[in-house]
$ cat run_29.cif   # mmCIF, C-alpha atoms and all ligand atoms
data_upload
#
loop_
_atom_site.label_atom_id
_atom_site.label_comp_id
_atom_site.auth_asym_id
_atom_site.auth_seq_id
_atom_site.Cartn_x
_atom_site.Cartn_y
_atom_site.Cartn_z
CA MET A 1 -13.73 -5.74 -3.07
CA GLU A 2 -13.06 -4.70 -6.58
CA ILE A 3 -10.61 -7.10 -8.21
CA ILE A 4 -8.89 -5.61 -11.24
CA ILE A 5 -6.78 -7.99 -13.30
CA LYS A 6 -4.33 -6.33 -15.67
CA GLN A 7 -1.99 -7.79 -18.28
CA ASN A 8 1.26 -6.77 -16.67
CA TYR A 9 3.03 -4.76 -13.98
CA ASP A 10 3.06 -1.52 -15.94
CA GLN A 11 -0.72 -1.62 -16.34
CA ILE A 12 -1.16 -2.19 -12.60
CA CYS A 13 0.88 0.92 -11.90
CA GLU A 14 -1.06 2.91 -14.48
CA GLU A 15 -4.37 1.93 -12.84
CA ALA A 16 -3.10 2.92 -9.37
CA GLU A 17 -1.77 6.21 -10.76
CA THR A 18 -5.18 6.97 -12.27
CA ILE A 19 -6.97 6.23 -8.98
CA ILE A 20 -4.66 8.55 -7.04
CA TYR A 21 -4.81 11.26 -9.69
CA GLN A 22 -8.62 11.19 -9.84
CA ALA A 23 -8.82 11.29 -6.03
CA TRP A 24 -6.40 14.25 -5.91
CA LYS A 25 -8.52 16.14 -8.45
CA LYS A 26 -11.43 15.90 -6.00
CA LYS A 27 -9.36 16.59 -2.87
CA ASN A 28 -5.95 18.16 -3.32
CA ASN A 29 -5.06 17.78 0.36
CA LEU A 30 -5.24 14.03 -0.11
CA VAL A 31 -3.88 11.92 2.76
CA LEU A 32 -1.91 8.97 1.39
CA GLY A 33 -0.62 5.92 3.25
CA LEU A 34 2.50 4.66 1.50
CA PRO A 35 4.32 1.31 1.50
CA THR A 36 7.88 0.43 0.52
CA GLY A 37 8.97 -2.67 -1.40
CA ARG A 38 9.39 -3.38 -5.08
CA THR A 39 5.72 -3.37 -6.01
CA PRO A 40 4.83 0.33 -5.60
CA LEU A 41 7.99 1.62 -7.35
CA GLY A 42 6.28 1.97 -10.74
CA VAL A 43 3.41 3.92 -9.19
CA TYR A 44 5.81 6.36 -7.52
CA LYS A 45 7.68 6.79 -10.82
CA ARG A 46 4.46 7.52 -12.67
CA LEU A 47 3.23 10.02 -10.06
CA ALA A 48 6.59 11.82 -10.09
CA ALA A 49 6.43 11.99 -13.91
CA LEU A 50 2.89 13.35 -13.71
CA HIS A 51 4.16 15.98 -11.33
CA ASN A 52 7.02 16.90 -13.68
CA LYS A 53 4.50 17.41 -16.45
CA GLY A 54 2.71 19.87 -14.17
CA GLU A 55 -0.44 17.75 -13.94
CA ILE A 56 -0.39 17.07 -10.21
CA ASP A 57 0.62 19.34 -7.35
CA PHE A 58 1.63 17.70 -4.08
CA SER A 59 1.93 20.91 -2.05
CA ARG A 60 -1.16 20.09 0.03
CA VAL A 61 -0.80 16.31 -0.03
CA VAL A 62 0.03 14.54 3.25
CA THR A 63 1.78 11.16 3.47
CA PHE A 64 2.04 8.58 6.22
CA SER A 65 4.52 5.73 5.89
CA LEU A 66 3.13 2.30 6.53
CA ASP A 67 6.10 0.83 8.38
CA GLU A 68 9.77 1.13 9.35
CA TYR A 69 12.58 -1.06 10.60
CA LEU A 70 13.22 -0.78 14.31
CA GLY A 71 16.78 0.28 15.08
CA LEU A 72 17.59 2.03 11.80
CA LYS A 73 18.07 5.79 11.86
CA GLU A 74 16.07 7.82 9.37
CA ASN A 75 19.17 8.46 7.22
CA HIS A 76 20.28 4.80 7.15
CA PRO A 77 20.37 3.80 3.45
CA GLN A 78 18.08 0.82 4.10
CA SER A 79 15.57 2.65 6.27
CA PHE A 80 12.11 2.98 4.79
CA ALA A 81 12.44 6.74 5.26
CA SER A 82 15.42 6.70 2.87
CA TYR A 83 13.50 4.49 0.45
CA MET A 84 10.53 6.88 0.39
CA ASP A 85 12.75 9.92 -0.16
CA LYS A 86 14.83 8.31 -2.87
CA ASN A 87 11.99 6.68 -4.76
CA PHE A 88 9.24 9.23 -4.40
CA LEU A 89 9.24 12.17 -2.02
CA GLN A 90 12.34 13.97 -3.28
CA HIS A 91 10.88 13.96 -6.80
CA ILE A 92 7.69 15.82 -5.93
CA ASN A 93 6.81 19.15 -4.34
CA ILE A 94 5.50 17.75 -1.06
CA LYS A 95 6.12 19.94 1.99
CA LYS A 96 8.45 18.49 4.62
CA GLU A 97 5.90 19.15 7.35
CA ASN A 98 3.37 17.02 5.47
CA ILE A 99 5.57 13.90 5.49
CA PHE A 100 4.95 11.60 8.45
CA ARG A 101 7.03 8.54 9.20
CA LEU A 102 7.45 6.03 11.95
CA ASN A 103 10.61 6.81 13.88
CA GLY A 104 12.86 3.72 13.75
CA THR A 105 14.84 4.81 16.83
CA PRO A 106 12.19 6.12 19.21
CA GLU A 107 12.85 6.89 22.84
CA ASN A 108 9.53 5.48 23.84
CA ILE A 109 8.07 3.02 21.36
CA ASP A 110 4.53 2.92 22.77
CA ASN A 111 4.18 6.70 22.95
CA ASN A 112 5.57 7.04 19.47
CA CYS A 113 3.10 4.54 18.03
CA ARG A 114 0.21 6.18 19.87
CA GLU A 115 1.22 9.62 18.59
CA TYR A 116 1.40 8.30 15.04
CA GLU A 117 -2.18 7.09 15.28
CA GLU A 118 -3.24 10.46 16.71
CA LYS A 119 -1.57 12.31 13.84
CA ILE A 120 -3.43 10.19 11.30
CA LYS A 121 -6.70 11.08 13.06
CA ARG A 122 -5.77 14.78 13.19
CA PHE A 123 -5.57 14.80 9.39
CA GLY A 124 -9.02 13.23 9.14
CA GLY A 125 -7.74 9.69 8.45
CA ILE A 126 -6.02 8.18 5.44
CA ASP A 127 -7.89 8.71 2.17
CA ILE A 128 -6.00 6.10 0.16
CA GLN A 129 -3.77 3.46 1.69
CA ILE A 130 -1.58 1.77 -0.90
CA LEU A 131 -0.46 -1.75 0.02
CA GLY A 132 1.78 -4.47 -1.31
CA ILE A 133 1.41 -8.04 -0.04
CA GLY A 134 3.99 -10.47 1.29
CA ARG A 135 4.20 -14.04 0.02
CA ASN A 136 2.82 -15.03 3.42
CA GLY A 137 -0.12 -12.64 3.06
CA HIS A 138 1.25 -9.91 5.29
CA ILE A 139 0.19 -6.29 4.83
CA GLY A 140 2.54 -3.65 6.16
CA PHE A 141 4.67 -5.72 8.52
CA ASN A 142 1.63 -7.40 10.02
CA GLU A 143 2.88 -10.94 9.78
CA PRO A 144 0.58 -13.98 10.03
CA SER A 145 -1.00 -14.27 13.51
CA SER A 146 -1.17 -10.46 13.87
CA SER A 147 -4.41 -9.44 15.51
CA LEU A 148 -6.87 -8.39 12.86
CA SER A 149 -7.70 -5.33 14.98
CA SER A 150 -4.09 -4.43 15.86
CA ARG A 151 -2.85 -0.84 16.05
CA THR A 152 0.55 0.68 15.23
CA ARG A 153 3.17 -1.24 17.21
CA VAL A 154 6.36 -3.30 17.20
CA LYS A 155 6.38 -6.61 15.36
CA THR A 156 8.91 -9.40 14.99
CA LEU A 157 9.61 -10.17 11.35
CA THR A 158 9.28 -13.73 10.08
CA GLN A 159 12.36 -15.53 8.77
CA GLU A 160 10.71 -15.45 5.35
CA THR A 161 10.36 -11.66 5.39
CA ILE A 162 13.93 -11.25 6.63
CA GLU A 163 15.06 -13.48 3.76
CA ALA A 164 12.96 -11.57 1.20
CA ASN A 165 14.31 -8.21 2.39
CA SER A 166 17.93 -9.31 2.73
CA ARG A 167 18.65 -8.51 -0.94
CA LEU A 168 18.98 -4.86 0.05
CA PHE A 169 21.53 -5.51 2.81
CA LYS A 170 25.17 -6.55 2.42
CA ASP A 171 24.71 -9.33 4.92
CA LYS A 172 21.50 -11.15 5.91
CA ASN A 173 22.47 -10.69 9.57
CA GLU A 174 22.17 -6.93 9.13
CA VAL A 175 18.43 -7.14 8.41
CA PRO A 176 16.58 -5.88 11.49
CA ARG A 177 14.56 -8.52 13.35
CA PHE A 178 11.95 -6.02 14.51
CA CYS A 179 9.89 -3.34 12.87
CA LEU A 180 7.19 -0.79 13.52
CA THR A 181 4.05 -1.06 11.47
CA MET A 182 0.60 0.45 11.25
CA GLY A 183 -1.73 -2.19 12.63
CA ILE A 184 -4.35 -4.06 10.67
CA GLY A 185 -7.05 -2.11 12.54
CA THR A 186 -5.26 1.12 11.58
CA ILE A 187 -5.08 0.12 7.92
CA MET A 188 -8.75 -0.91 7.91
CA GLU A 189 -9.78 2.62 8.95
CA SER A 190 -8.45 4.04 5.67
CA LYS A 191 -11.24 5.31 3.46
CA MET A 192 -9.92 3.44 0.46
CA ILE A 193 -7.37 0.66 0.21
CA VAL A 194 -5.50 -0.14 -3.00
CA LEU A 195 -3.58 -3.41 -2.84
CA LEU A 196 -1.10 -4.13 -5.61
CA ALA A 197 0.49 -7.46 -6.50
CA SER A 198 2.55 -8.64 -9.41
CA GLY A 199 4.12 -11.98 -10.28
CA GLU A 200 3.55 -15.65 -9.77
CA ASP A 201 5.21 -15.67 -6.34
CA LYS A 202 2.27 -13.63 -5.02
CA SER A 203 -0.44 -15.86 -6.54
CA GLU A 204 -0.94 -18.07 -3.49
CA ALA A 205 -1.15 -15.12 -1.07
CA ILE A 206 -3.60 -13.40 -3.42
CA CYS A 207 -5.76 -16.49 -3.78
CA LYS A 208 -5.91 -17.12 -0.01
CA SER A 209 -6.57 -13.44 0.73
CA LEU A 210 -9.36 -12.95 -1.79
CA GLU A 211 -11.03 -16.35 -1.87
CA GLY A 212 -10.06 -18.00 1.40
CA PRO A 213 -11.53 -17.54 4.87
CA ILE A 214 -10.79 -14.39 6.85
CA THR A 215 -8.03 -15.40 9.20
CA ALA A 216 -5.11 -13.92 11.11
CA SER A 217 -3.00 -16.56 9.38
CA VAL A 218 -3.44 -14.56 6.16
CA PRO A 219 -3.56 -10.92 7.30
CA ALA A 220 -4.62 -9.53 3.88
CA SER A 221 -7.80 -11.65 4.04
CA ILE A 222 -9.26 -8.98 6.37
CA LEU A 223 -9.61 -6.74 3.31
CA GLN A 224 -12.70 -8.78 2.41
CA LEU A 225 -14.42 -6.72 5.13
CA HIS A 226 -13.32 -3.33 3.82
CA PRO A 227 -16.04 -1.59 1.76
CA GLN A 228 -13.66 0.35 -0.51
CA THR A 229 -10.84 -1.97 -1.44
CA LYS A 230 -9.41 -2.25 -4.92
CA VAL A 231 -7.08 -5.15 -5.56
CA ILE A 232 -5.03 -4.52 -8.68
CA ILE A 233 -3.01 -7.50 -9.85
CA ASP A 234 -1.43 -8.89 -13.00
CA GLN A 235 -2.27 -12.17 -14.75
CA GLU A 236 0.47 -14.04 -12.91
CA ALA A 237 -0.60 -12.91 -9.45
CA ALA A 238 -4.21 -13.77 -10.43
CA SER A 239 -3.33 -17.21 -11.82
CA LEU A 240 -4.77 -19.27 -8.92
CA LEU A 241 -8.05 -17.38 -8.52
CA THR A 242 -11.06 -19.56 -9.22
CA GLY A 243 -13.31 -16.55 -9.83
CA LYS A 244 -10.89 -14.88 -12.25
CA GLU A 245 -13.28 -14.83 -15.21
CA TYR A 246 -16.08 -13.34 -13.13
CA TYR A 247 -13.83 -10.59 -11.77
CA GLN A 248 -12.83 -9.72 -15.34
CA TRP A 249 -16.48 -9.73 -16.38
CA VAL A 250 -17.40 -7.39 -13.52
CA TYR A 251 -14.59 -5.00 -14.43
CA LYS A 252 -15.58 -5.01 -18.11
CA ASN A 253 -19.15 -4.10 -17.19
CA LYS A 254 -18.30 -1.59 -14.49
CA GLU A 255 -18.95 1.56 -16.45
CA ARG A 256 -22.09 0.16 -18.03
CA VAL A 257 -24.59 0.10 -15.17
CA SER A 258 -26.06 3.49 -16.04
CA ASP A 259 -26.25 2.62 -19.78
CA TYR A 260 -28.02 -0.60 -18.86
CA LEU A 261 -30.62 1.21 -16.74
CA GLU A 262 -31.08 3.81 -19.48
CA LYS A 263 -31.87 1.13 -22.03
CA LYS A 264 -34.39 -0.51 -19.69
CA LYS A 265 -36.43 2.70 -19.45
P1 LIG B 301 7.37 -6.34 -2.39
O1 LIG B 301 6.99 -6.47 -0.88
O2 LIG B 301 6.56 -5.23 -2.96
O3 LIG B 301 8.84 -6.03 -2.41
O4 LIG B 301 7.06 -7.65 -3.04
C1 LIG B 301 5.64 -6.48 -0.49
C2 LIG B 301 5.51 -6.78 0.98
O5 LIG B 301 6.32 -7.55 1.52
O6 LIG B 301 4.57 -6.25 1.61
#
$ encode --input "run_29.cif" --output "structure tokens" --more "lines below"
Ligand code: PGA
Amino acid sequence: MEIIIKQNYDQICEEAETIIYQAWKKKNNLVLGLPTGRTPLGVYKRLAALHNKGEIDFSRVVTFSLDEYLGLKENHPQSFASYMDKNFLQHINIKKENIFRLNGTPENIDNNCREYEEKIKRFGGIDIQILGIGRNGHIGFNEPSSSLSSRTRVKTLTQETIEANSRLFKDKNEVPRFCLTMGIGTIMESKMIVLLASGEDKSEAICKSLEGPITASVPASILQLHPQTKVIIDQEAASLLTGKEYYQWVYKNKERVSDYLEKKK
């Protein structure tokens, strides 16, 4: 894992933007896995601005949404499909046929989930999966106790997640109890994972995920086994990490390995 500690939220978003932009320069049919939530908003804003400046072209980019509420139609204002359109997709030149989402009102849930996995495979897998993290360590809607090798499926949300997401609904009772989410096994097959976290309320989840044991009780802890994971967090989210200084030292020296070898010659 590469742990990148930035001063603030804006710098986190800038780092994620750079990673995506550099990846797109190498492969302009990039396959992105995209989350909802507050955390990625700044990244979407930056990418849309980059597009407006004519620096990035999304016409060959493919996106897969990470999760969706079960029972909400695509055009429901609180569906994750609406979120993605409003906050990102309608601001870029992505082709409609390249946008893939989990259907919140499927006729057959199991078939739908299986087809979603097949579509991801058909596009050669996800190149970069962006993730936020829940205060309980969830990734996507894989709540604690989710199998660490789970696939796309239905999950029951925790009370805590329902509470956290209720700010977007008029009434807490309107928040769906169930969701569809890519599984942890699905997420782990992404070629690169970029997890973003900002704020003190994420510090405990970040600490347990990065420095604690790998356990289904903290789903994000599985990322310790992923060979290409970048965790980009601000000072507040990093505040409980015991290895914080070392991670900063590693990052500072990152570009210098070749210089170092050169000098040793
Ligand atoms: P947030 O949600 O970005 O709104 O904090 C993250 C999550 O619950 O995965």
$ axis_aligned_box --input "run_29.cif" --around "stretch 156-170 of chain A" --padding-each-side "4 Å" --output "JSON"
{"center_x": 17.0, "center_y": -10.2, "center_z": 7.0, "size_x": 24.3, "size_y": 18.7, "size_z": 23.9}
$ closest_atom_pairs --input "run_29.cif" --of "chain A" --to "ligand LIG 301 (chain B)" --cutoff "8 Å" --atoms "all atoms listed in the file" --output "JSON lines"
{"residue": "A:Pro35", "atom": "CA", "partner": "B:LIG301", "partner_atom": "O6", "distance": 7.6}
{"residue": "A:Thr36", "atom": "CA", "partner": "B:LIG301", "partner_atom": "O2", "distance": 6.8}
{"residue": "A:Gly37", "atom": "CA", "partner": "B:LIG301", "partner_atom": "O3", "distance": 3.5}
{"residue": "A:Arg38", "atom": "CA", "partner": "B:LIG301", "partner_atom": "O3", "distance": 3.8}
{"residue": "A:Thr39", "atom": "CA", "partner": "B:LIG301", "partner_atom": "O2", "distance": 3.7}
{"residue": "A:Pro40", "atom": "CA", "partner": "B:LIG301", "partner_atom": "O2", "distance": 6.4}
{"residue": "A:Leu131", "atom": "CA", "partner": "B:LIG301", "partner_atom": "O6", "distance": 6.9}
{"residue": "A:Gly132", "atom": "CA", "partner": "B:LIG301", "partner_atom": "O6", "distance": 4.4}
{"residue": "A:Ile133", "atom": "CA", "partner": "B:LIG301", "partner_atom": "O6", "distance": 4.0}
{"residue": "A:Gly134", "atom": "CA", "partner": "B:LIG301", "partner_atom": "O5", "distance": 3.7}
{"residue": "A:Arg135", "atom": "CA", "partner": "B:LIG301", "partner_atom": "O5", "distance": 7.0}
{"residue": "A:His138", "atom": "CA", "partner": "B:LIG301", "partner_atom": "O6", "distance": 6.2}
{"residue": "A:Ile139", "atom": "CA", "partner": "B:LIG301", "partner_atom": "O6", "distance": 5.4}
{"residue": "A:Gly140", "atom": "CA", "partner": "B:LIG301", "partner_atom": "O6", "distance": 5.6}
{"residue": "A:Phe141", "atom": "CA", "partner": "B:LIG301", "partner_atom": "O6", "distance": 6.9}
{"residue": "A:Thr161", "atom": "CA", "partner": "B:LIG301", "partner_atom": "O5", "distance": 6.9}
{"residue": "A:Ala164", "atom": "CA", "partner": "B:LIG301", "partner_atom": "O5", "distance": 7.8}
{"residue": "A:Asn165", "atom": "CA", "partner": "B:LIG301", "partner_atom": "O3", "distance": 7.6}
{"residue": "A:Ala197", "atom": "CA", "partner": "B:LIG301", "partner_atom": "O2", "distance": 7.4}
{"residue": "A:Ser198", "atom": "CA", "partner": "B:LIG301", "partner_atom": "O4", "distance": 7.9}
{"residue": "A:Lys202", "atom": "CA", "partner": "B:LIG301", "partner_atom": "O4", "distance": 7.9}
$ closest_residue --input "run_29.cif" --among "A:Ile222, A:Leu157, A:Leu195, A:Met182" --to "A:Lys208" --atoms "all atoms listed in the file"
A:Ile222
$ residues_around --input "run_29.cif" --residues "stretch 250-254 of chain A" --least-positions-apart "3" --cutoff "12 Å" --atoms "only C-alpha atoms" --output "NGL selection string"
:A and (1-6 or 230-232 or 243-247 or 257-260)
$ residues_around --input "run_29.cif" --residues "A:Lys96" --least-positions-apart "4" --cutoff "12 Å" --atoms "all atoms listed in the file" --output "count of residues only"
13
$ residues_near_point --input "run_29.cif" --point "(10.1, 13.4, -5.5)" --cutoff "12 Å" --atoms "all atoms listed in the file" --output "MDAnalysis selection string"
chainID A and resid 44:52 57:59 82:96 99
$ atom_distance --input "run_29.cif" --atom1 "atom CA of A:Pro219" --atom2 "atom CA of A:Gly137"
5.7 Å
$ atom_distance --input "run_29.cif" --atom1 "atom CA of A:Met192" --atom2 "atom CA of A:Glu204"
23.6 Å
$ closest_residue --input "run_29.cif" --among "A:Glu255, A:Asn98, A:Leu168, A:Thr152" --to "A:Glu115" --atoms "only C-alpha atoms"
A:Thr152
$ atom_distance --input "run_29.cif" --atom1 "atom CA of A:Glu68" --atom2 "atom CA of A:Gly104"
6.0 Å
$ closest_residue --input "run_29.cif" --among "A:Gln129, A:Asn103, A:Asn136, A:Asn173" --to "A:Arg153" --atoms "only C-alpha atoms"
A:Asn103
$ closest_residue --input "run_29.cif" --among "A:Thr186, A:Phe178, A:His226, A:Ser149" --to "A:Glu118" --atoms "only C-alpha atoms"
A:Thr186
$ closest_residue --input "run_29.cif" --among "A:Ile109, A:Ile233, A:Val218, A:Leu261" --to "A:Leu70" --atoms "all atoms listed in the file"
A:Ile109
